[in-house]
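Content type TSV, C-alpha atoms and all ligand atoms, from the file input.tsv:
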```tsv
chain	number	residue	atom	x	y	z
A	912	MET	CA	-10.47	29.63	15.92
A	913	LYS	CA	-10.75	30.04	12.17
A	914	ALA	CA	-8.52	28.04	9.83
A	915	VAL	CA	-8.48	26.73	6.29
A	916	GLY	CA	-7.87	23.00	5.83
A	917	TYR	CA	-8.85	19.94	3.84
A	918	ARG	CA	-10.00	16.36	4.45
A	919	LYS	CA	-9.28	14.80	1.04
A	920	SER	CA	-6.72	15.36	-1.73
A	921	LEU	CA	-8.85	16.88	-4.48
A	922	SER	CA	-8.39	18.94	-7.62
A	923	ILE	CA	-8.36	22.65	-6.77
A	924	SER	CA	-11.50	23.15	-8.91
A	925	ASP	CA	-13.43	21.08	-6.31
A	926	PRO	CA	-14.96	23.34	-3.61
A	927	GLN	CA	-13.99	20.69	-1.00
A	928	SER	CA	-10.27	20.86	-1.91
A	929	LEU	CA	-9.82	23.61	0.70
A	930	ILE	CA	-12.50	24.33	3.30
A	931	ASP	CA	-13.13	26.84	6.07
A	932	VAL	CA	-12.88	25.04	9.41
A	933	ASP	CA	-13.08	25.82	13.11
A	934	ILE	CA	-10.23	24.18	15.05
A	935	GLU	CA	-8.98	24.16	18.65
A	936	THR	CA	-6.53	26.86	19.70
A	937	PRO	CA	-3.13	25.14	20.17
A	938	LYS	CA	-1.01	25.50	23.33
A	939	PRO	CA	2.60	26.65	22.89
A	940	GLY	CA	5.42	24.18	23.65
A	941	PRO	CA	8.50	25.39	25.59
A	942	ARG	CA	10.21	27.17	22.65
A	943	ASP	CA	7.04	28.04	20.74
A	944	LEU	CA	5.59	31.40	19.87
A	945	ARG	CA	1.82	31.52	19.41
A	946	VAL	CA	1.41	34.01	16.59
A	947	SER	CA	-1.70	35.93	15.61
A	948	VAL	CA	-1.43	35.45	11.84
A	949	LYS	CA	-2.08	38.64	9.84
A	950	ALA	CA	-1.00	37.53	6.36
A	951	VAL	CA	0.10	34.35	4.58
A	952	SER	CA	1.57	33.57	1.20
A	953	VAL	CA	1.17	30.45	-0.94
A	954	ASN	CA	4.01	28.32	-2.30
A	955	PRO	CA	4.14	25.30	-4.63
A	956	VAL	CA	4.70	23.14	-1.52
A	957	ASP	CA	1.12	23.93	-0.40
A	958	THR	CA	-0.29	22.48	-3.59
A	959	LYS	CA	2.06	19.47	-3.54
A	960	VAL	CA	1.21	18.56	0.08
A	961	ARG	CA	-2.52	19.09	-0.61
A	962	MET	CA	-2.36	16.50	-3.36
A	963	ARG	CA	-0.14	13.93	-1.64
A	964	ALA	CA	-1.02	14.01	2.10
A	965	ALA	CA	-4.65	13.77	3.16
A	966	PRO	CA	-5.62	13.28	6.81
A	967	LYS	CA	-6.77	9.75	7.70
A	968	ASP	CA	-10.41	9.02	8.55
A	969	GLY	CA	-11.20	10.42	12.01
A	970	GLU	CA	-8.23	12.84	11.99
A	971	PRO	CA	-8.88	16.61	12.05
A	972	PRO	CA	-8.62	18.53	8.75
A	973	LYS	CA	-5.04	19.22	7.65
A	974	VAL	CA	-4.03	22.88	7.68
A	975	LEU	CA	-1.52	24.07	5.05
A	976	GLY	CA	0.47	27.30	4.82
A	977	TYR	CA	4.23	27.78	5.06
A	978	ASP	CA	4.64	31.55	5.16
A	979	ALA	CA	3.25	34.05	7.63
A	980	ALA	CA	3.63	37.51	9.08
A	981	GLY	CA	1.92	38.32	12.34
A	982	VAL	CA	2.15	39.39	15.97
A	983	VAL	CA	3.37	37.24	18.88
A	984	GLU	CA	0.28	36.59	21.03
A	985	SER	CA	1.87	34.39	23.73
A	986	ILE	CA	5.11	32.50	24.33
A	987	GLY	CA	6.29	29.15	25.73
A	988	ALA	CA	8.15	28.87	29.05
A	989	GLU	CA	11.66	28.73	27.51
A	990	VAL	CA	11.33	31.42	24.82
A	991	THR	CA	14.14	33.99	24.93
A	992	LEU	CA	14.23	35.60	21.48
A	993	PHE	CA	10.74	37.19	21.35
A	994	LYS	CA	8.02	38.60	23.61
A	995	PRO	CA	4.28	39.20	23.18
A	996	ASP	CA	3.40	41.99	20.70
A	997	ASP	CA	6.60	41.50	18.66
A	998	GLU	CA	5.96	41.57	14.90
A	999	VAL	CA	7.42	38.52	13.17
A	1000	PHE	CA	7.69	36.70	9.83
A	1001	TYR	CA	8.52	33.04	9.26
A	1002	ALA	CA	7.83	29.93	7.17
A	1003	GLY	CA	7.28	27.35	9.92
A	1004	SER	CA	7.74	23.60	9.77
A	1005	ILE	CA	6.44	21.06	7.25
A	1006	ILE	CA	5.79	18.54	10.08
A	1007	ARG	CA	3.50	20.87	12.08
A	1008	PRO	CA	0.10	22.41	11.23
A	1009	GLY	CA	0.49	25.24	8.73
A	1010	THR	CA	0.07	28.98	8.94
A	1011	ASN	CA	-3.47	29.15	7.49
A	1012	SER	CA	-5.00	29.57	10.96
A	1013	GLU	CA	-5.80	32.58	13.12
A	1014	LEU	CA	-3.32	31.51	15.81
A	1015	HIS	CA	-0.27	29.47	14.88
A	1016	LEU	CA	2.56	27.79	16.78
A	1017	VAL	CA	6.16	28.09	15.59
A	1018	ASP	CA	9.53	27.40	17.19
A	1019	GLU	CA	11.25	30.72	17.92
A	1020	ARG	CA	14.51	29.49	16.35
A	1021	ILE	CA	13.02	29.68	12.84
A	1022	VAL	CA	11.33	33.07	13.23
A	1023	GLY	CA	12.63	36.52	12.21
A	1024	ARG	CA	11.66	40.06	13.10
A	1025	LYS	CA	9.29	41.42	10.47
A	1026	PRO	CA	10.88	44.22	8.41
A	1027	LYS	CA	9.59	47.48	9.94
A	1028	SER	CA	9.24	49.11	6.53
A	1029	LEU	CA	6.86	46.45	5.18
A	1030	SER	CA	3.18	45.75	5.76
A	1031	PHE	CA	2.22	42.31	7.05
A	1032	ALA	CA	1.20	41.34	3.50
A	1033	GLN	CA	4.51	42.51	2.00
A	1034	ALA	CA	6.45	40.66	4.72
A	1035	ALA	CA	4.47	37.40	4.36
A	1036	ALA	CA	5.73	37.13	0.77
A	1037	LEU	CA	9.32	36.63	1.87
A	1038	PRO	CA	10.20	33.97	4.48
A	1039	LEU	CA	10.09	30.54	2.77
A	1040	THR	CA	11.70	31.73	-0.43
A	1041	SER	CA	14.30	33.87	1.39
A	1042	ILE	CA	15.37	30.92	3.53
A	1043	THR	CA	15.69	28.78	0.39
A	1044	ALA	CA	17.67	31.33	-1.62
A	1045	TRP	CA	19.90	32.29	1.35
A	1046	GLU	CA	20.73	28.68	2.19
A	1047	ILE	CA	21.65	28.00	-1.46
A	1048	LEU	CA	23.92	31.02	-1.77
A	1049	PHE	CA	25.55	31.10	1.64
A	1050	ASP	CA	25.24	27.56	3.09
A	1051	ARG	CA	25.49	25.35	-0.02
A	1052	PHE	CA	27.63	27.57	-2.31
A	1053	CYS	CA	29.47	28.97	0.75
A	1054	LEU	CA	29.59	32.47	-0.75
A	1055	LYS	CA	30.74	35.36	1.46
A	1056	ARG	CA	27.78	37.06	3.12
A	1057	GLU	CA	29.55	40.42	3.13
A	1058	GLY	CA	29.68	40.44	-0.70
A	1059	GLY	CA	32.69	40.73	-2.97
A	1060	ASN	CA	32.11	37.29	-4.48
A	1061	ARG	CA	33.24	36.74	-8.07
A	1062	GLY	CA	31.59	34.90	-10.90
A	1063	THR	CA	28.32	34.28	-12.67
A	1064	VAL	CA	25.15	32.69	-11.33
A	1065	LEU	CA	22.15	31.42	-13.27
A	1066	ALA	CA	18.70	31.48	-11.65
A	1067	LEU	CA	16.43	29.01	-13.45
A	1068	GLY	CA	12.89	30.34	-13.04
A	1069	GLY	CA	13.93	33.91	-12.25
A	1070	ALA	CA	10.43	35.34	-11.91
A	1071	GLY	CA	9.11	32.63	-9.60
A	1072	GLY	CA	8.77	33.04	-5.86
A	1073	VAL	CA	12.24	31.68	-5.14
A	1074	GLY	CA	13.86	33.27	-8.21
A	1075	SER	CA	12.56	36.71	-7.26
A	1076	ILE	CA	14.45	36.78	-3.97
A	1077	PHE	CA	17.38	34.68	-5.26
A	1078	ILE	CA	18.11	37.33	-7.93
A	1079	GLN	CA	18.13	40.09	-5.30
A	1080	LEU	CA	20.34	38.26	-2.79
A	1081	ALA	CA	22.73	37.09	-5.53
A	1082	ARG	CA	23.06	40.61	-6.96
A	1083	HIS	CA	22.87	42.92	-3.98
A	1084	VAL	CA	24.28	40.77	-1.14
A	1085	ALA	CA	26.58	38.20	-2.79
A	1086	GLU	CA	27.48	40.66	-5.60
A	1087	LEU	CA	27.61	38.05	-8.36
A	1088	THR	CA	26.84	38.61	-12.05
A	1089	VAL	CA	23.25	37.36	-12.33
A	1090	PHE	CA	21.63	35.57	-15.26
A	1091	ALA	CA	17.95	34.68	-14.88
A	1092	THR	CA	15.63	32.67	-17.09
A	1093	ALA	CA	12.33	34.27	-18.14
A	1094	SER	CA	10.18	33.44	-21.15
A	1095	ARG	CA	7.54	36.20	-21.18
A	1096	PRO	CA	7.94	39.98	-21.58
A	1097	GLU	CA	6.46	40.54	-18.10
A	1098	THR	CA	8.71	37.99	-16.38
A	1099	ARG	CA	11.74	39.35	-18.22
A	1100	GLU	CA	10.94	42.89	-17.07
A	1101	TRP	CA	10.34	41.69	-13.47
A	1102	CYS	CA	13.72	39.89	-13.32
A	1103	LEU	CA	15.57	42.94	-14.66
A	1104	LYS	CA	13.81	45.17	-12.12
A	1105	LEU	CA	14.93	42.86	-9.31
A	1106	GLY	CA	18.56	43.13	-10.41
A	1107	ALA	CA	19.28	40.45	-13.02
A	1108	HIS	CA	22.10	41.57	-15.34
A	1109	HIS	CA	21.11	39.25	-18.21
A	1110	ILE	CA	18.00	37.30	-19.20
A	1111	ILE	CA	17.93	33.90	-20.85
A	1112	ASP	CA	14.70	32.81	-22.52
A	1113	HIS	CA	14.47	29.18	-21.43
A	1114	THR	CA	12.49	28.26	-24.57
A	1115	LYS	CA	15.54	29.02	-26.76
A	1116	PRO	CA	19.11	27.63	-26.84
A	1117	PHE	CA	21.04	28.95	-23.82
A	1118	ALA	CA	24.55	29.07	-25.33
A	1119	ASP	CA	23.47	31.42	-28.15
A	1120	GLN	CA	22.09	33.86	-25.60
A	1121	MET	CA	25.41	34.07	-23.72
A	1122	LYS	CA	26.94	35.78	-26.76
A	1123	GLY	CA	27.34	39.49	-26.23
A	1124	THR	CA	27.07	39.24	-22.42
A	1125	GLY	CA	30.83	39.05	-21.91
A	1126	HIS	CA	30.42	35.70	-20.18
A	1127	ALA	CA	30.55	32.16	-21.55
A	1128	GLU	CA	29.96	30.00	-18.49
A	1129	PHE	CA	28.25	29.73	-15.11
A	1130	ASN	CA	30.13	29.39	-11.83
A	1131	TYR	CA	26.90	28.79	-9.92
A	1132	VAL	CA	23.48	27.56	-10.98
A	1133	GLY	CA	20.31	27.75	-8.90
A	1134	GLY	CA	18.16	24.89	-10.19
A	1135	LEU	CA	15.00	26.55	-8.90
A	1136	THR	CA	12.45	25.11	-11.30
A	1137	PHE	CA	12.30	22.69	-14.25
A	1138	THR	CA	15.94	21.76	-13.63
A	1139	GLU	CA	15.56	18.43	-15.40
A	1140	GLN	CA	14.13	20.10	-18.53
A	1141	HIS	CA	16.95	22.65	-18.81
A	1142	TYR	CA	19.93	20.61	-17.57
A	1143	PRO	CA	21.00	19.61	-21.11
A	1144	GLN	CA	21.12	23.34	-21.98
A	1145	PHE	CA	23.07	24.65	-19.00
A	1146	ALA	CA	25.29	21.66	-18.12
A	1147	PRO	CA	27.65	22.34	-21.08
A	1148	LEU	CA	27.96	25.91	-19.77
A	1149	PHE	CA	29.29	24.96	-16.32
A	1150	ALA	CA	32.61	26.61	-15.48
A	1151	PRO	CA	35.30	24.25	-14.13
A	1152	GLN	CA	34.46	23.57	-10.44
A	1153	ALA	CA	30.99	25.10	-10.80
A	1154	LYS	CA	28.27	24.44	-8.21
A	1155	LEU	CA	24.66	23.50	-8.90
A	1156	ALA	CA	22.00	23.64	-6.18
A	1157	ILE	CA	18.69	21.87	-6.80
A	1158	ILE	CA	15.39	22.50	-5.04
A	1159	ASP	CA	12.91	20.76	-7.33
A	1160	ASP	CA	12.94	17.01	-8.02
A	1161	PRO	CA	14.97	16.38	-11.17
A	1162	VAL	CA	16.42	13.12	-12.42
A	1163	ILE	CA	19.64	14.25	-14.10
A	1164	ASP	CA	22.89	12.73	-15.29
A	1165	PHE	CA	25.52	13.71	-12.69
A	1166	LYS	CA	28.28	12.29	-14.87
A	1167	LEU	CA	27.99	15.35	-17.14
A	1168	GLY	CA	29.70	17.34	-14.38
A	1169	LYS	CA	32.59	14.95	-13.72
A	1170	GLY	CA	35.23	16.35	-16.11
A	1171	LYS	CA	34.75	19.83	-14.66
A	1172	SER	CA	34.47	18.64	-11.02
A	1173	VAL	CA	31.04	20.22	-10.74
A	1174	SER	CA	29.53	19.87	-7.27
A	1175	TYR	CA	25.83	19.13	-6.83
A	1176	HIS	CA	23.91	20.29	-3.77
A	1177	TRP	CA	20.42	19.54	-2.57
A	1178	GLU	CA	18.64	22.33	-0.74
A	1179	SER	CA	15.51	21.80	1.32
A	1180	MET	CA	14.54	24.74	3.50
A	1181	PHE	CA	12.60	22.43	5.85
A	1182	THR	CA	15.65	20.31	6.77
A	1183	ARG	CA	16.66	22.35	9.81
A	1184	SER	CA	13.18	22.48	11.34
A	1185	MET	CA	12.26	18.89	10.41
A	1186	PHE	CA	15.37	17.43	12.07
A	1187	THR	CA	15.75	20.17	14.75
A	1188	THR	CA	19.40	20.42	13.73
A	1189	PRO	CA	21.79	22.02	16.24
A	1190	ASP	CA	22.14	25.00	13.87
A	1191	MET	CA	18.38	25.48	13.44
A	1192	ILE	CA	18.70	29.00	14.89
A	1193	GLU	CA	20.52	30.00	11.68
A	1194	GLN	CA	17.07	30.47	10.13
A	1195	HIS	CA	16.22	33.03	12.83
A	1196	ARG	CA	19.50	34.80	12.07
A	1197	LEU	CA	19.08	34.75	8.30
A	1198	LEU	CA	15.52	36.04	8.46
A	1199	ASP	CA	16.71	38.86	10.72
A	1200	ALA	CA	19.46	39.61	8.19
A	1201	VAL	CA	16.94	39.70	5.32
A	1202	SER	CA	14.72	41.95	7.43
A	1203	LYS	CA	17.58	44.38	7.86
A	1204	PHE	CA	18.42	44.31	4.13
A	1205	VAL	CA	14.78	45.18	3.43
A	1206	ASP	CA	14.73	48.04	5.94
A	1207	ASP	CA	18.06	49.30	4.53
A	1208	GLY	CA	16.51	49.38	1.04
A	1209	MET	CA	18.73	46.67	-0.50
A	1210	ILE	CA	16.00	44.04	-0.90
A	1211	LYS	CA	12.38	44.58	-1.99
A	1212	THR	CA	9.32	42.56	-1.14
A	1213	THR	CA	8.41	40.04	-3.83
A	1214	LEU	CA	4.66	40.48	-3.32
A	1215	THR	CA	2.88	40.95	-6.66
A	1216	ARG	CA	-0.71	39.83	-6.00
A	1217	GLU	CA	-3.04	40.21	-3.04
A	1218	MET	CA	-5.94	37.77	-3.09
A	1219	GLY	CA	-8.10	39.16	-0.29
A	1220	THR	CA	-8.82	37.75	3.14
A	1221	ILE	CA	-7.57	34.37	4.32
A	1222	ASN	CA	-10.42	31.97	3.54
A	1223	ALA	CA	-10.93	28.77	1.59
A	1224	ALA	CA	-12.34	30.40	-1.56
A	1225	ASN	CA	-9.45	32.87	-1.87
A	1226	LEU	CA	-6.86	30.20	-1.07
A	1227	ARG	CA	-8.34	27.96	-3.79
A	1228	THR	CA	-7.81	30.81	-6.28
A	1229	ALA	CA	-4.23	31.24	-5.06
A	1230	HIS	CA	-3.49	27.50	-5.31
A	1231	ALA	CA	-4.90	27.48	-8.86
A	1232	LEU	CA	-2.57	30.32	-9.83
A	1233	ILE	CA	0.46	28.52	-8.39
A	1234	GLU	CA	-0.54	25.28	-10.12
A	1235	SER	CA	-0.74	27.14	-13.45
A	1236	GLY	CA	3.05	27.75	-13.32
A	1237	THR	CA	2.53	31.36	-14.45
A	1238	SER	CA	2.78	33.10	-11.08
A	1239	ILE	CA	5.20	36.03	-10.86
A	1240	GLY	CA	6.78	36.84	-7.47
A	1241	LYS	CA	4.45	35.97	-4.59
A	1242	VAL	CA	0.73	35.82	-3.96
A	1243	VAL	CA	-0.47	36.86	-0.50
A	1244	LEU	CA	-3.73	36.82	1.50
A	1245	SER	CA	-4.30	38.90	4.62
A	1246	GLY	CA	-6.81	39.33	7.44
A	1247	TRP	CA	-9.58	36.97	8.52
B	1	LIG	N1	13.59	22.58	-1.77
B	1	LIG	C1	13.12	23.69	-1.23
B	1	LIG	O1	13.48	24.06	-0.11
B	1	LIG	C2	12.15	24.51	-2.02
B	1	LIG	C3	11.78	25.79	-1.55
B	1	LIG	C4	10.94	26.56	-2.34
B	1	LIG	C5	10.45	26.07	-3.54
B	1	LIG	N2	10.79	24.82	-3.93
B	1	LIG	C6	10.32	24.28	-5.23
B	1	LIG	O2	10.92	25.11	-6.22
B	1	LIG	C7	10.10	25.21	-7.35
B	1	LIG	C8	9.89	26.67	-7.72
B	1	LIG	O3	9.17	27.35	-6.71
B	1	LIG	P1	8.64	28.84	-6.95
B	1	LIG	O4	7.86	29.23	-5.76
B	1	LIG	O5	9.76	29.72	-7.37
B	1	LIG	O6	7.66	28.59	-8.22
B	1	LIG	P2	6.67	29.58	-8.96
B	1	LIG	O7	6.63	30.89	-8.27
B	1	LIG	O8	5.39	28.85	-9.14
B	1	LIG	O9	7.39	29.73	-10.40
B	1	LIG	C9	6.67	30.38	-11.40
B	1	LIG	C10	7.61	30.77	-12.53
B	1	LIG	O10	8.14	29.59	-13.15
B	1	LIG	C11	8.53	29.93	-14.48
B	1	LIG	N3	8.37	28.75	-15.33
B	1	LIG	C12	7.22	28.15	-15.67
B	1	LIG	N4	7.48	27.10	-16.47
B	1	LIG	C13	8.84	27.06	-16.65
B	1	LIG	C14	9.74	26.21	-17.39
B	1	LIG	N5	9.30	25.18	-18.10
B	1	LIG	N6	11.05	26.49	-17.30
B	1	LIG	C15	11.52	27.52	-16.57
B	1	LIG	N7	10.73	28.36	-15.87
B	1	LIG	C16	9.39	28.12	-15.91
B	1	LIG	C17	7.57	31.03	-14.92
B	1	LIG	O11	8.31	32.07	-15.54
B	1	LIG	P3	8.32	32.24	-17.17
B	1	LIG	O12	6.88	32.37	-17.57
B	1	LIG	O13	9.15	33.40	-17.45
B	1	LIG	O14	8.90	30.95	-17.69
B	1	LIG	C18	6.90	31.52	-13.63
B	1	LIG	O15	7.00	32.91	-13.42
B	1	LIG	C19	8.81	24.45	-6.99
B	1	LIG	O16	8.92	23.14	-7.49
B	1	LIG	C20	8.84	24.42	-5.48
B	1	LIG	O17	8.11	23.36	-4.91
B	1	LIG	C21	11.63	24.03	-3.20
```

In structure tokens, what does this structure look like?
Amino acid sequence: MKAVGYRKSLSISDPQSLIDVDIETPKPGPRDLRVSVKAVSVNPVDTKVRMRAAPKDGEPPKVLGYDAAGVVESIGAEVTLFKPDDEVFYAGSIIRPGTNSELHLVDERIVGRKPKSLSFAQAAALPLTSITAWEILFDRFCLKREGGNRGTVLALGGAGGVGSIFIQLARHVAELTVFATASRPETREWCLKLGAHHIIDHTKPFADQMKGTGHAEFNYVGGLTFTEQHYPQFAPLFAPQAKLAIIDDPVIDFKLGKGKSVSYHWESMFTRSMFTTPDMIEQHRLLDAVSKFVDDGMIKTTLTREMGTINAANLRTAHALIESGTSIGKVVLSGW
């Protein structure tokens, strides 16, 4: 079957950095779905893994891809949640081959039903980032899923893949007052369209930009990108007993939060699948919940760019866009 992989960690400008390959069709394990992949999206994790983890000599090419929408083609012996022909969306596991292949194996406990109102491409934009944003808001911050939460939240990197769904879940599901950072007119406009109440230009002092908003501090902060760079700006704005969740890799001074009893949370959306935690099925449930919010009109797809069919040349273009740090929402490829 067709797939896109790589043999060496190379700059994305090198034509060998991602290559079209023909690989063996995998056999489903007991709880696996074998999914006919219709669309995939690209995340910063694809580019990071490409650069840090090359297959050893003699090993097959490594296949990336941590977002897919597709149709269940066959199921393992112990699968109970899905059946063949079901339409699904999911991110998959970082310790298994990725979604950039015609047929892909994924444990049913981390798969959701694709929103009926979305195309495969629109649905493929959502899973990885939705899991991340949901787990921050409802598992790390422990906000009420039925809404009615009080306080302010700051999304650092509002227009990014994660920020674009974080803003929507924070506003429309958690019902917080949402601040988002955006530094360009187009990212500012995108964040407002998704539901941000206030924009902070992260190239200017944060405190000055709180004036006139009716708020002076943050109860919650989503450290979604460049957390280390902006920590000195937002740390003085923590409310007493604020919560910060971090998904990038900052080195920051935790002591700054001591006087206000700020709590710091790591979030990694691959934890549940990597360690097959007893609550791994929560990712199935949360993706189903997001799917329903989409079909009910509360949440929109974050797809902004379609980059053609799933092949090495188009994926190289998508990786280059992600590596530029200028991507807005999500980039998706569909069909083979
Ligand atoms: N731990 C996890 O589970 C997890 C899950 C998902 C993602 N991540 C990580 O989270 C990070 C963000 O992912 P993403 O998909 O949202 O990224 P992304 O889509 O590539 O983010 C692009 C956005 O970042 C903003 N940006 C660029 N430089 C910035 C700066 N110096 N300060 C603030 N914002 C800046 C840009 O908006 P402006 O032009 O307006 O600045 C741009 O629209 C990545 O490091 C990714 O690997 C971790």

inquiry  = List as a list of chain:residue names the residues having at least one atom at most 9 Å from position (12.4, 41.0, -4.3) as given in the file, counting only C-alpha atoms.
reply    =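 The requested residues, written out, are A:Leu1037, A:Gly1072, A:Gly1074, A:Ser1075, A:Ile1076, A:Phe1077, A:Ile1078, A:Gln1079, A:Leu1080, A:Lys1104, A:Leu1105, A:Gly1106, A:Ile1210, A:Lys1211, A:Thr1212, A:Thr1213, A:Leu1214, A:Gly1240.
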
ask   = CA of Gly1246 in chain A to CA of Glu998 in chain A: how many Å, to one decimal?
value = 15.0 Å

query = Got a sec to check which residues sit within 7 Å of (-2.6, 31.2, 12.7), counting all atoms listed in the file, and write them as a ChimeraX atom specification?
reply = /A:946-948,1010-1015

request  = For range 1041-1054 of chain A, please output as number ranges by chain all residues within 9 Å (counting all atoms listed in the file; exclusion window: fewer than 3 positions along the same chain).
outcome  = A: 1002, 1037-1038, 1057-1058, 1060, 1073-1074, 1076-1078, 1080-1081, 1085, 1131, 1133, 1154-1158, 1176-1181, 1194, 1197-1198, 1201

task = Give me the residues within 9 Å of Ala1150 in chain A as a VMD selection string, counting all atoms listed in the file and dropping any in the same chain fewer than 6 places off.
result = chain A and resid 1127 to 1131 1171 1173

Only C-alpha atoms, please: the residues just picked out, written as an mmCIF file, keeping the file's coordinate frame.
```
data_model
loop_
_atom_site.group_PDB
_atom_site.id
_atom_site.type_symbol
_atom_site.label_atom_id
_atom_site.label_comp_id
_atom_site.auth_asym_id
_atom_site.auth_seq_id
_atom_site.Cartn_x
_atom_site.Cartn_y
_atom_site.Cartn_z
ATOM 1 C CA ALA A 1127 30.550 32.160 -21.550
ATOM 2 C CA GLU A 1128 29.960 30.000 -18.490
ATOM 3 C CA PHE A 1129 28.250 29.730 -15.110
ATOM 4 C CA ASN A 1130 30.130 29.390 -11.830
ATOM 5 C CA TYR A 1131 26.900 28.790 -9.920
ATOM 6 C CA LYS A 1171 34.750 19.830 -14.660
ATOM 7 C CA VAL A 1173 31.040 20.220 -10.740
#
```

Just need the box for ligand LIG 1 (chain B), edges along x, y and z, holding every atom the file lists for it with 5 Å tacked onto each side, so centre and edge lengths in Å to one decimal, as AutoDock Vina command-line options.
```
--center_x 9.5 --center_y 28.0 --center_z -9.1 --size_x 18.2 --size_y 20.8 --size_z 28.0
```

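Compared by their closest atoms to Pro939 in chain A, and using only C-alpha atoms, the residues A:Ala988, A:Val974, A:Leu1148, A:Met912 rank with A:Ala988 nearest.
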
message = Could you list, as a VMD selection string, every residue within 12 Å of Gly1071 in chain A, counting only C-alpha atoms and ignoring same-chain residues fewer than 2 positions away?
response = chain A and resid 953 to 955 1036 1040 1044 1066 to 1069 1073 to 1078 1091 to 1094 1097 to 1099 1101 to 1102 1105 1134 to 1137 1213 to 1215 1232 to 1233 1235 to 1242

key: Point-to-point distance in Å for CA of Asp925 in chain A and CA of Met962 in chain A   =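 Computed distance, CA of Met962 in chain A to CA of Asp925 in chain A, equals 12.3 Å.
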